[in-house]
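Student: Following this message is one structure expressed as structure tokens.
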Amino acid sequence: MQQVLAFIHGHLGERLTLEAIATQAGLSVSSLKRLSRRSLGQSLHQYIIRKRVERAADLLGNASMPISRVAVETGFSHQSHLASHMRKLLGILPNDLRK
């Protein structure tokens, strides 16, 4: 699982598929799903979204790059996608966090 998490953390800004992650770890997709559920207590997709939101929050607090660029740099398709997930997970919008 450490190898899987290291791969995810190193590629958060990229398109991550279960197939690509499983291949990297030498696992089948179903084995990866079971392992992540057991190890993380949540789906791998939920874990990835949470880590992307955390990285975006860090960038918003420490950098002056536009929110739209933060969204793309952290693997979200657009700013509203980031805002939606940030509101769900952190209870705050990117603009408010930046302020």
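Starting from 1 in every chain, residues are counted up; chains themselves are A, B, ... following the order of the structure tokens, and ligands are numbered from 1 as listed.
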Please provide the set of residues having any atom within 6 Å of region 78-86 of chain A, restricted to only C-alpha atoms, with same-chain residues fewer than 3 positions apart removed, written as an MDAnalysis selection string.

Tutor: chainID A and resid 53 68 71 89:90 93

Student: With N, CA and C atoms kept, could you save the residues just selected as a PDB file, in the first residue's frame?

Tutor:
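The file below, out_25.pdb, is the result:
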```pdb
ATOM      1  N   VAL A  53      -7.679  17.974  -2.600  1.00  0.00           N
ATOM      2  CA  VAL A  53      -8.237  19.139  -1.903  1.00  0.00           C
ATOM      3  C   VAL A  53      -7.232  19.671  -0.883  1.00  0.00           C
ATOM      4  N   SER A  68      -7.959  29.043 -10.642  1.00  0.00           N
ATOM      5  CA  SER A  68      -8.152  28.143 -11.781  1.00  0.00           C
ATOM      6  C   SER A  68      -6.895  27.318 -12.049  1.00  0.00           C
ATOM      7  N   ALA A  71      -6.554  24.632  -9.374  1.00  0.00           N
ATOM      8  CA  ALA A  71      -7.450  23.514  -9.681  1.00  0.00           C
ATOM      9  C   ALA A  71      -6.792  22.549 -10.669  1.00  0.00           C
ATOM     10  N   LEU A  89     -15.619  18.806   1.603  1.00  0.00           N
ATOM     11  CA  LEU A  89     -14.637  18.232   2.519  1.00  0.00           C
ATOM     12  C   LEU A  89     -14.168  19.191   3.615  1.00  0.00           C
ATOM     13  N   LEU A  90     -14.020  20.461   3.286  1.00  0.00           N
ATOM     14  CA  LEU A  90     -13.475  21.420   4.248  1.00  0.00           C
ATOM     15  C   LEU A  90     -14.502  22.431   4.738  1.00  0.00           C
ATOM     16  N   LEU A  93     -14.943  27.607   0.675  1.00  0.00           N
ATOM     17  CA  LEU A  93     -14.665  27.774  -0.757  1.00  0.00           C
ATOM     18  C   LEU A  93     -13.244  28.284  -0.956  1.00  0.00           C
TER      19      LEU A  93
END
```

Student: With only C-alpha atoms as the counted atoms, please give the residues lying no more than 10 Å from region 4-16 of chain A, apart from itself and same-chain residues fewer than 2 positions off, as a PyMOL selection string.

Tutor: chain A and resi 1-2+18-27+32+36+44-45+47-49+51-52+55+70-77

Student: Give the helix (DSSP H, G or I) residues of chain A, as DSSP finds them on the backbone, and put them as a PyMOL selection string.

Tutor: chain A and resi 2-10+18-25+29-40+44-62+67-73+79-90+94-98

Student: What is the CA of Lys33 (chain A) to CA of Arg50 (chain A) distance in Å?

Tutor: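 Taking CA of Lys33 (chain A) and CA of Arg50 (chain A), their separation equals 16.7 Å.
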
Student: If I take CA of Arg98 (chain A) and CA of Ala57 (chain A), how far is one from the other in Å, to one decimal?

Tutor: 8.3 Å

Student: State, in Å with one decimal place, the distance from CA of Gln46 (chain A) to CA of Pro94 (chain A).

Tutor: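 Going from CA of Gln46 (chain A) over to CA of Pro94 (chain A) covers 19.2 Å.
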